[in-house]
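J.: The following block contains the structure, expressed as structure tokens.
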Amino acid sequence: MTAKTAILSAAELRDELTGATPPVLLDVRWQLGGPDQRPAYEAGHLPGAAYVDLDSELAGPAGSGGRHPLPDPEAFGAAMRRAGVPADAPVVVYDGGQGWAAARAWWLLRWTGHPNVRVLDGGLPAWTAAGGELTAERVIPVEGDFKPTPGVLGLLDADAAALRAREGVLLDARAGERYRGEVEPIDPVGGHIPGALSAPTTENVGPDGRFLPADTLRARFEALGASEGTPVGVYCGSGVSGAHEVLALEVAGIESDLYAGSWSHWCTDPARPVATGPDPQ
């Protein structure tokens, strides 16, 4: 998959929606620790978009696997079919503009084998800024026929993430202060995986929430040692913003693997080492 097939602009989406094979739309609005976003969806969404809940449909129950462990593939497939996801036709996912939730849906669909899924760059704000309409009409999706086959994208567990930090490049997508262990507002332990490099997701986008140009992203990641041909891994707090970093790397033309359990899984085992401060080690 390339940058041209990983994301699309609001203008491109408008053209495709009036074309011969319009994409299925998924609204994945979500706010970490915030209120349920379904009421916002019901108040106004892209025409035809089905709502997907990140916490219950794009993640399994929180626990020893982390705060947002991967969902059971069969349960995920059933949720996607309810939302109208087809096996082969195009799918476009969007959220409220941050991009994290949309990227989580993109990653899961790609990981489980969907061949044609993209993220609306800039999300809902980009759509409305381009003059796109919203509707409050109730959407009843036609049952899809997508069946997940996990394993298409690279997935790391804790041991593989630690090895990636030693033998390749492991990027920490959280805010710098969490990486350094100065604050930890969510998980019980602060710091980072030894050897990981700080690469906050927020630096992949501009003020409008849209991805920086591919060559700018590529230069950013290459400066961190992440380049084509180098084994690259990504983690974050719970595997959501990390998916956005994987998407940014995709836009830059660099393949990477996601440690889905991320820091919320790593720190559940007191035997796993923790580094603090600005240096990787």
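Simple scheme: letters A, B, ... for chains in structure tokens order, numbers from 1 for residues in each chain, numbers from 1 for ligands in the order shown.
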Counting only C-alpha atoms, what is within 10 Å of Ala87 (chain A), bar same-chain residues fewer than 4 positions away, as a PyMOL selection string?

T.: chain A and resi 81+91+113-116+144-148

J.: Would you give me, as a VMD selection string, the residues in region 64-246 of chain A that DSSP reads as helix (DSSP H, G or I)?

T.: chain A and resid 73 to 82 100 to 111 123 to 129 158 to 167 176 to 179 201 to 204 214 to 223 241 to 246

J.: So that I can see what lies close to Ala130 (chain A), please list as number ranges by chain the residues with an atom at most 8 Å from it, counting only C-alpha atoms and leaving out residues fewer than 3 positions away in the same chain.

T.: A: 10-11, 126-127

J.: Write the residues of the selection above to a file with all heavy atoms, as a PDB file, in the first residue's frame.

T.:
ATOM      1  N   ALA A  10     -10.553  15.334   1.275  1.00  0.00           N
ATOM      2  CA  ALA A  10     -12.007  15.521   1.225  1.00  0.00           C
ATOM      3  C   ALA A  10     -12.480  15.686  -0.214  1.00  0.00           C
ATOM      4  O   ALA A  10     -13.536  15.153  -0.592  1.00  0.00           O
ATOM      5  CB  ALA A  10     -12.398  16.736   2.070  1.00  0.00           C
ATOM      6  N   ALA A  11     -11.710  16.413  -1.029  1.00  0.00           N
ATOM      7  CA  ALA A  11     -12.101  16.601  -2.426  1.00  0.00           C
ATOM      8  C   ALA A  11     -12.101  15.273  -3.167  1.00  0.00           C
ATOM      9  O   ALA A  11     -13.012  14.992  -3.977  1.00  0.00           O
ATOM     10  CB  ALA A  11     -11.154  17.593  -3.094  1.00  0.00           C
ATOM     11  N   ALA A 126     -12.041  18.457   7.926  1.00  0.00           N
ATOM     12  CA  ALA A 126     -11.595  18.645   6.545  1.00  0.00           C
ATOM     13  C   ALA A 126     -12.771  18.517   5.582  1.00  0.00           C
ATOM     14  O   ALA A 126     -12.849  19.244   4.582  1.00  0.00           O
ATOM     15  CB  ALA A 126     -10.511  17.626   6.203  1.00  0.00           C
ATOM     16  N   TRP A 127     -13.675  17.608   5.886  1.00  0.00           N
ATOM     17  CA  TRP A 127     -14.859  17.412   5.037  1.00  0.00           C
ATOM     18  C   TRP A 127     -15.734  18.655   5.031  1.00  0.00           C
ATOM     19  O   TRP A 127     -16.140  19.148   3.965  1.00  0.00           O
ATOM     20  CB  TRP A 127     -15.642  16.203   5.533  1.00  0.00           C
ATOM     21  CG  TRP A 127     -16.948  15.966   4.834  1.00  0.00           C
ATOM     22  CD1 TRP A 127     -18.198  16.255   5.304  1.00  0.00           C
ATOM     23  CD2 TRP A 127     -17.129  15.388   3.539  1.00  0.00           C
ATOM     24  NE1 TRP A 127     -19.149  15.897   4.394  1.00  0.00           N
ATOM     25  CE2 TRP A 127     -18.519  15.360   3.296  1.00  0.00           C
ATOM     26  CE3 TRP A 127     -16.272  14.894   2.568  1.00  0.00           C
ATOM     27  CZ2 TRP A 127     -19.068  14.846   2.114  1.00  0.00           C
ATOM     28  CZ3 TRP A 127     -16.803  14.378   1.397  1.00  0.00           C
ATOM     29  CH2 TRP A 127     -18.182  14.363   1.173  1.00  0.00           C
TER      30      TRP A 127
END

J.: With distances taken over only C-alpha atoms, which residue among A:Ala243, A:Leu26, A:Cys236, A:Leu197 lies nearest Ser256 (chain A)?

T.: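 Ranked by minimum distance to Ser256 (chain A), first place goes to A:Ala243.
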
J.: Using only C-alpha atoms for the distances, tell me which of A:Ala89, A:Met80, A:Ala173, A:Ala62 is nearest to Glu143 (chain A).

T.: A:Met80

J.: Choose the residue, out of A:Leu70, A:Ala136, A:Ala105, A:Leu8, that has the smallest atom-to-atom separation from Asp27 (chain A); count only C-alpha atoms.

T.: A:Ala105

J.: Grab the CA of Ala223 (chain A) to CA of Val169 (chain A) distance for me, in Å with one decimal place.

T.: 11.4 Å
